[in-house]
Amino acid sequence: MKHWLLLFALLVPLLAACGGAPTAPTTAPAASTGDTDAPATDDMDGVDRSQLADQLFLYIWSDYIDPQILEDFEAEYGVRVTVDLFDSNESMIPRIRAGNSGYDIVVPSDYAVQSMVLDGLLAPLDKSLLTNIGNLDPELMNLYFDPSNEHSIPYFWGTSGLAYNQKFFDTPPTSWSTIFEPAELEKISNRFTMLEDPREVPGAALIYKGHSVNTTDTAVLAEVQELLIAQKPFVASYDSSNVNFKLATEEVVLAHAWSGMAGQAMSGIDDKPGNPDVKFLIPDEGGIIWMDNLAVVFDSPNKYTAHVFMNYLLRPEVAAQNTDWVLYLTPNAPARELLSEDTLALYEAGLEPDETTMMRLQWIERNAQTDELFSDLWTRVTAQ
Ligand code: N2P
């Protein structure tokens, strides 16, 4: 548990750096969570069944919730949860911004929470409905991107690094040079994927070159752009959603990957078998640490039901079951004690960063320049 302290230590400078950040109030309408003063509850769980909608719409990353949990929730509350998938914050945000998306709950990453709050795209949370919020590890609350968790609560956290199949490497990769240096690229040409992500991909290149993933230095960004353009002919595909299967089936031998998707490649998912030769590591130069969060969309038609579902996900046994399925790191402290041996073994094998690895991880942040700079950079790389 000591690494939690380290995580906190990592956050302190960030918090200080963010002190001057603008905190514009959201323009989102207040949550229409109904009359919560005197709820007419059916059960002892405080949920007013008369306020529940029949359906809830969840907009989330792929392979990011155990389908059994949706069935169990429906069995208990009679609410059917429809899931739609996105594969990057940058593809999700415009859908929400357009309005009338129909989505109730969305799962933005840290820096995307910052953007969405500034733009009024997230409804303030009604904490009185989140009675299980105390299960969240206090050291993972109140982070730089939502300092009082007014608009989001942690869902899963993890890292971005390299997943590889040990059968195809004489020695395990240790550096991002494996995917950026021409001599190394020749060896894995068309047999590796990069994430399809305007912050993660430049982020990997920036870390390789010894820079901050949040740099706004145009000379540095130009250098990174050239590196990515030179890499592109060797990349089998930019993919954030099917990497788990591509690694498991050995369609690719290496992937720029999020920790849990590597775990899913190792252990399998649903009826799809895993591949024990897949390993995950954070290269010597470092990697990215991130937190994905549950939030209510500003124009969600079912805000009360959205809170009930979020509170359900915060139950320790539900959070543990979900974690055993998605294999990212749970911020739910009592759930951690309930995880399966298999999950803990995968954590131990690298899905959970140890103390020294933590020192090499960077958070992505947004500021007034980053959205445009990275969007333009990514457009120039993908347009090539
Ligand atoms: C799950 C994707 C995790 C998102 N497939 C990383 N921010």
# chains A, B, ... in the order shown; residues from 1 in each chain; ligands from 1
$ residues_around --residues "A:Val296" --least-positions-apart "3" --cutoff "6 Å" --atoms "only C-alpha atoms" --output "JSON, numbers by chain"
{"A": [104, 105, 122, 123]}
$ closest_atom_pairs --of "stretch 173-254 of chain A" --to "stretch 109-117 of chain A" --cutoff "12 Å" --atoms "only C-alpha atoms" --output "Markdown table"
| residue | atom | partner | partner_atom | distance |
| --- | --- | --- | --- | --- |
| A:Arg199 | CA | A:Tyr111 | CA | 9.9 |
| A:Glu200 | CA | A:Ser109 | CA | 11.6 |
| A:Val213 | CA | A:Tyr111 | CA | 11.9 |
| A:Asn214 | CA | A:Tyr111 | CA | 10.5 |
$ write_last_selection --atoms "C-alpha atoms" --output "short mmCIF file (atom, residue, chain, number, x, y, z; two decimals), in the first residue's frame"
data_model
loop_
_atom_site.label_atom_id
_atom_site.label_comp_id
_atom_site.auth_asym_id
_atom_site.auth_seq_id
_atom_site.Cartn_x
_atom_site.Cartn_y
_atom_site.Cartn_z
CA ARG A 199 -2.31 12.73 -26.34
CA GLU A 200 -1.01 9.20 -25.68
CA VAL A 213 3.94 15.12 -21.99
CA ASN A 214 2.35 18.53 -21.44
#
$ residues_near_ligand --ligand "ligand 1" --cutoff "8 Å" --atoms "only C-alpha atoms and all ligand atoms" --output "PyMOL selection string"
chain A and resi 61-64+87-88+108-109+157-160+240-241+258+260-261+290-292+326
$ closest_residue --among "A:Phe234, A:Tyr144, A:Tyr328, A:Phe245" --to "A:Glu186" --atoms "only C-alpha atoms"
A:Phe234
$ closest_residue --among "A:Lys127, A:His256, A:His151, A:Lys246" --to "A:Leu294" --atoms "only C-alpha atoms"
A:His151
$ residues_around --residues "A:Ala248" --least-positions-apart "2" --cutoff "7 Å" --atoms "only C-alpha atoms" --output "list of chain:residue names"
A:Asn244, A:Phe245, A:Lys246, A:Glu250, A:Ala265, A:Met266, A:Gly274, A:Asn275
$ select_by_dssp --residues "stretch 165-352 of chain A" --states "strand (DSSP E)" --output "NGL selection string"
:A and (165 or 192-194 or 237-238 or 254-258 or 278-281 or 287-296)
$ closest_residue --among "A:Gly268, A:Pro331, A:Gly102, A:Pro316" --to "A:Val83" --atoms "only C-alpha atoms"
A:Gly102
$ residues_around --residues "A:Thr343" --least-positions-apart "6" --cutoff "10 Å" --atoms "only C-alpha atoms" --output "PDB file with C-alpha atoms, in the first residue's frame"
ATOM      1  CA  GLY A 263      -3.907  -7.816 -18.733  1.00  0.00           C
ATOM      2  CA  SER A 267      -5.756 -13.654 -19.197  1.00  0.00           C
ATOM      3  CA  ALA A 320     -14.156  -6.019  -7.108  1.00  0.00           C
ATOM      4  CA  THR A 323     -11.977  -5.093 -11.494  1.00  0.00           C
ATOM      5  CA  ASP A 324     -11.481  -8.853 -11.845  1.00  0.00           C
ATOM      6  CA  TRP A 325     -13.017  -8.473 -15.311  1.00  0.00           C
ATOM      7  CA  VAL A 326     -11.407  -5.270 -16.653  1.00  0.00           C
ATOM      8  CA  LEU A 327      -8.045  -5.745 -14.879  1.00  0.00           C
ATOM      9  CA  TYR A 328      -7.254  -2.065 -14.382  1.00  0.00           C
ATOM     10  CA  LEU A 329      -6.530  -0.700 -10.909  1.00  0.00           C
ATOM     11  CA  ALA A 349       3.453  -8.940 -12.904  1.00  0.00           C
ATOM     12  CA  LEU A 351      -0.052  -4.039 -14.253  1.00  0.00           C
TER      13      LEU A 351
END
$ residues_around --residues "A:Ser148" --least-positions-apart "6" --cutoff "12 Å" --atoms "only C-alpha atoms" --output "PyMOL selection string"
chain A and resi 23+124-125+127+138+140-142+154
$ closest_atom_pairs --of "stretch 224-332 of chain A" --to "stretch 368-380 of chain A" --cutoff "10 Å" --atoms "only C-alpha atoms" --output "Markdown table"
| residue | atom | partner | partner_atom | distance |
| --- | --- | --- | --- | --- |
| A:Val224 | CA | A:Leu377 | CA | 8.9 |
| A:Gln225 | CA | A:Leu377 | CA | 6.4 |
| A:Glu226 | CA | A:Arg380 | CA | 9.9 |
| A:Leu228 | CA | A:Trp378 | CA | 9.3 |
| A:Ile229 | CA | A:Arg380 | CA | 8.6 |
$ atom_distance --atom1 "atom CA of A:Phe180" --atom2 "atom CA of A:Ile364"
20.7 Å
$ residues_around --residues "stretch 43-56 of chain A" --least-positions-apart "6" --cutoff "10 Å" --atoms "only C-alpha atoms" --output "list in words"
Thr33, Gly34, Asp35, Thr36, Glu74, Tyr77, Gly78, Val79, Arg80, Val81, Thr82, Val83, Gly102, Tyr103, Asp104, Ile105, Leu129, Thr131, Ser300, Pro301, Asn302, Lys303, Tyr304, Thr305, Ala306, His307, Val308 and Phe309 of chain A
$ write_last_selection --atoms "C-alpha atoms" --output "PDB file, in the first residue's frame"
ATOM      1  CA  THR A  33     -32.288  14.595  -9.165  1.00  0.00           C
ATOM      2  CA  GLY A  34     -35.772  15.108  -7.894  1.00  0.00           C
ATOM      3  CA  ASP A  35     -36.914  15.397  -4.333  1.00  0.00           C
ATOM      4  CA  THR A  36     -34.224  13.772  -2.284  1.00  0.00           C
ATOM      5  CA  GLU A  74     -31.118  -4.494 -14.100  1.00  0.00           C
ATOM      6  CA  TYR A  77     -33.499  -2.069 -10.062  1.00  0.00           C
ATOM      7  CA  GLY A  78     -35.301  -2.832 -13.320  1.00  0.00           C
ATOM      8  CA  VAL A  79     -33.092  -0.359 -15.183  1.00  0.00           C
ATOM      9  CA  ARG A  80     -31.623  -1.496 -18.492  1.00  0.00           C
ATOM     10  CA  VAL A  81     -28.210  -0.005 -19.172  1.00  0.00           C
ATOM     11  CA  THR A  82     -27.300   0.534 -22.811  1.00  0.00           C
ATOM     12  CA  VAL A  83     -23.585   0.818 -23.488  1.00  0.00           C
ATOM     13  CA  GLY A 102     -28.846  10.936 -24.909  1.00  0.00           C
ATOM     14  CA  TYR A 103     -25.987   9.710 -22.744  1.00  0.00           C
ATOM     15  CA  ASP A 104     -26.363   9.818 -18.979  1.00  0.00           C
ATOM     16  CA  ILE A 105     -22.961   8.683 -17.754  1.00  0.00           C
ATOM     17  CA  LEU A 129     -26.977  10.109  -3.546  1.00  0.00           C
ATOM     18  CA  THR A 131     -23.685   6.990  -0.178  1.00  0.00           C
ATOM     19  CA  SER A 300     -28.457  13.638 -19.104  1.00  0.00           C
ATOM     20  CA  PRO A 301     -32.176  12.855 -19.173  1.00  0.00           C
ATOM     21  CA  ASN A 302     -31.840  10.491 -16.181  1.00  0.00           C
ATOM     22  CA  LYS A 303     -29.646  12.132 -13.603  1.00  0.00           C
ATOM     23  CA  TYR A 304     -31.186  10.440 -10.578  1.00  0.00           C
ATOM     24  CA  THR A 305     -30.834   6.986 -12.114  1.00  0.00           C
ATOM     25  CA  ALA A 306     -27.292   7.839 -13.183  1.00  0.00           C
ATOM     26  CA  HIS A 307     -26.382   8.514  -9.556  1.00  0.00           C
ATOM     27  CA  VAL A 308     -28.011   5.267  -8.434  1.00  0.00           C
ATOM     28  CA  PHE A 309     -25.930   3.338 -10.980  1.00  0.00           C
TER      29      PHE A 309
END
$ residues_around --residues "stretch 203-211 of chain A" --least-positions-apart "6" --cutoff "7 Å" --atoms "only C-alpha atoms" --output "NGL selection string"
:A and (176 or 224 or 285-287)
$ write_last_selection --atoms "C-alpha atoms" --output "compact mmCIF listing (two decimals), in the first residue's frame"
# COMPACT_ATOMS: atom_id res chain seq x y z
CA TRP A 176 10.68 3.35 -26.21
CA VAL A 224 8.02 14.70 -31.98
CA GLU A 285 12.33 6.54 -19.95
CA GLY A 286 8.91 6.40 -18.27
CA GLY A 287 5.24 6.23 -19.15
$ closest_residue --among "A:Leu227, A:Val278, A:Leu118, A:Ile60" --to "A:Thr249" --atoms "only C-alpha atoms"
A:Val278
$ decode --residues "stretch 236-321 of chain A" --atoms "C-alpha atoms" --output "PDB file, in the first residue's frame"
ATOM      1  CA  ALA A 236       0.303  -2.038 -38.330  1.00  0.00           C
ATOM      2  CA  SER A 237      -2.560   0.143 -37.057  1.00  0.00           C
ATOM      3  CA  TYR A 238      -3.486   2.856 -34.599  1.00  0.00           C
ATOM      4  CA  ASP A 239      -5.869   1.018 -32.325  1.00  0.00           C
ATOM      5  CA  SER A 240      -7.224   1.643 -28.835  1.00  0.00           C
ATOM      6  CA  SER A 241      -9.976  -0.950 -28.770  1.00  0.00           C
ATOM      7  CA  ASN A 242      -8.847  -4.326 -30.117  1.00  0.00           C
ATOM      8  CA  VAL A 243      -5.292  -4.504 -28.862  1.00  0.00           C
ATOM      9  CA  ASN A 244      -6.165  -7.092 -26.229  1.00  0.00           C
ATOM     10  CA  PHE A 245      -7.319  -9.557 -28.899  1.00  0.00           C
ATOM     11  CA  LYS A 246      -4.580  -8.690 -31.392  1.00  0.00           C
ATOM     12  CA  LEU A 247      -1.955  -9.430 -28.764  1.00  0.00           C
ATOM     13  CA  ALA A 248      -3.678 -12.582 -27.544  1.00  0.00           C
ATOM     14  CA  THR A 249      -3.992 -14.037 -31.064  1.00  0.00           C
ATOM     15  CA  GLU A 250      -0.435 -12.948 -31.954  1.00  0.00           C
ATOM     16  CA  GLU A 251      -1.665 -10.814 -34.826  1.00  0.00           C
ATOM     17  CA  VAL A 252       0.803  -8.334 -33.341  1.00  0.00           C
ATOM     18  CA  VAL A 253       3.884  -8.995 -31.229  1.00  0.00           C
ATOM     19  CA  LEU A 254       4.003  -5.637 -29.495  1.00  0.00           C
ATOM     20  CA  ALA A 255       1.634  -2.787 -28.660  1.00  0.00           C
ATOM     21  CA  HIS A 256       1.655   0.671 -27.194  1.00  0.00           C
ATOM     22  CA  ALA A 257      -0.982  -0.182 -24.639  1.00  0.00           C
ATOM     23  CA  TRP A 258      -2.898   0.639 -21.511  1.00  0.00           C
ATOM     24  CA  SER A 259      -2.064  -1.661 -18.616  1.00  0.00           C
ATOM     25  CA  GLY A 260      -5.442  -3.378 -18.317  1.00  0.00           C
ATOM     26  CA  MET A 261      -5.770  -4.137 -22.014  1.00  0.00           C
ATOM     27  CA  ALA A 262      -2.452  -5.929 -21.711  1.00  0.00           C
ATOM     28  CA  GLY A 263      -3.907  -7.816 -18.733  1.00  0.00           C
ATOM     29  CA  GLN A 264      -6.918  -8.775 -20.833  1.00  0.00           C
ATOM     30  CA  ALA A 265      -4.535 -10.077 -23.523  1.00  0.00           C
ATOM     31  CA  MET A 266      -2.737 -12.151 -20.886  1.00  0.00           C
ATOM     32  CA  SER A 267      -5.756 -13.654 -19.197  1.00  0.00           C
ATOM     33  CA  GLY A 268      -8.472 -13.544 -21.870  1.00  0.00           C
ATOM     34  CA  ILE A 269     -11.825 -11.857 -21.759  1.00  0.00           C
ATOM     35  CA  ASP A 270     -15.278 -13.469 -21.816  1.00  0.00           C
ATOM     36  CA  ASP A 271     -14.922 -16.541 -24.047  1.00  0.00           C
ATOM     37  CA  LYS A 272     -11.792 -15.247 -25.779  1.00  0.00           C
ATOM     38  CA  PRO A 273      -8.644 -17.029 -24.565  1.00  0.00           C
ATOM     39  CA  GLY A 274      -5.645 -15.210 -23.153  1.00  0.00           C
ATOM     40  CA  ASN A 275      -1.981 -15.571 -24.021  1.00  0.00           C
ATOM     41  CA  PRO A 276       0.448 -16.058 -21.117  1.00  0.00           C
ATOM     42  CA  ASP A 277       3.397 -14.963 -23.300  1.00  0.00           C
ATOM     43  CA  VAL A 278       2.122 -11.376 -23.273  1.00  0.00           C
ATOM     44  CA  LYS A 279       3.934  -9.102 -20.805  1.00  0.00           C
ATOM     45  CA  PHE A 280       3.603  -5.427 -19.927  1.00  0.00           C
ATOM     46  CA  LEU A 281       6.216  -2.901 -18.889  1.00  0.00           C
ATOM     47  CA  ILE A 282       6.897   0.772 -18.423  1.00  0.00           C
ATOM     48  CA  PRO A 283      10.036   1.594 -20.458  1.00  0.00           C
ATOM     49  CA  ASP A 284      13.093   3.014 -18.718  1.00  0.00           C
ATOM     50  CA  GLU A 285      12.330   6.542 -19.952  1.00  0.00           C
ATOM     51  CA  GLY A 286       8.914   6.401 -18.268  1.00  0.00           C
ATOM     52  CA  GLY A 287       5.239   6.225 -19.146  1.00  0.00           C
ATOM     53  CA  ILE A 288       1.883   7.821 -18.470  1.00  0.00           C
ATOM     54  CA  ILE A 289      -0.321   7.445 -15.398  1.00  0.00           C
ATOM     55  CA  TRP A 290      -4.015   8.199 -15.787  1.00  0.00           C
ATOM     56  CA  MET A 291      -7.347   8.030 -14.031  1.00  0.00           C
ATOM     57  CA  ASP A 292     -10.688   7.476 -15.750  1.00  0.00           C
ATOM     58  CA  ASN A 293     -13.755   8.836 -14.000  1.00  0.00           C
ATOM     59  CA  LEU A 294     -17.508   8.422 -13.797  1.00  0.00           C
ATOM     60  CA  ALA A 295     -19.385  11.621 -14.551  1.00  0.00           C
ATOM     61  CA  VAL A 296     -22.953  12.646 -15.347  1.00  0.00           C
ATOM     62  CA  VAL A 297     -23.495  14.324 -18.722  1.00  0.00           C
ATOM     63  CA  PHE A 298     -24.769  17.925 -18.407  1.00  0.00           C
ATOM     64  CA  ASP A 299     -27.972  17.206 -20.328  1.00  0.00           C
ATOM     65  CA  SER A 300     -28.457  13.638 -19.104  1.00  0.00           C
ATOM     66  CA  PRO A 301     -32.176  12.855 -19.173  1.00  0.00           C
ATOM     67  CA  ASN A 302     -31.840  10.491 -16.181  1.00  0.00           C
ATOM     68  CA  LYS A 303     -29.646  12.132 -13.603  1.00  0.00           C
ATOM     69  CA  TYR A 304     -31.186  10.440 -10.578  1.00  0.00           C
ATOM     70  CA  THR A 305     -30.834   6.986 -12.114  1.00  0.00           C
ATOM     71  CA  ALA A 306     -27.292   7.839 -13.183  1.00  0.00           C
ATOM     72  CA  HIS A 307     -26.382   8.514  -9.556  1.00  0.00           C
ATOM     73  CA  VAL A 308     -28.011   5.267  -8.434  1.00  0.00           C
ATOM     74  CA  PHE A 309     -25.930   3.338 -10.980  1.00  0.00           C
ATOM     75  CA  MET A 310     -22.725   5.100  -9.952  1.00  0.00           C
ATOM     76  CA  ASN A 311     -23.456   4.328  -6.328  1.00  0.00           C
ATOM     77  CA  TYR A 312     -24.034   0.686  -7.287  1.00  0.00           C
ATOM     78  CA  LEU A 313     -20.613   0.565  -8.963  1.00  0.00           C
ATOM     79  CA  LEU A 314     -19.117   1.867  -5.727  1.00  0.00           C
ATOM     80  CA  ARG A 315     -20.253  -1.182  -3.739  1.00  0.00           C
ATOM     81  CA  PRO A 316     -17.087  -3.083  -2.794  1.00  0.00           C
ATOM     82  CA  GLU A 317     -18.278  -6.448  -4.123  1.00  0.00           C
ATOM     83  CA  VAL A 318     -19.453  -4.894  -7.403  1.00  0.00           C
ATOM     84  CA  ALA A 319     -16.223  -2.895  -7.810  1.00  0.00           C
ATOM     85  CA  ALA A 320     -14.156  -6.019  -7.108  1.00  0.00           C
ATOM     86  CA  GLN A 321     -16.103  -8.119  -9.611  1.00  0.00           C
TER      87      GLN A 321
END
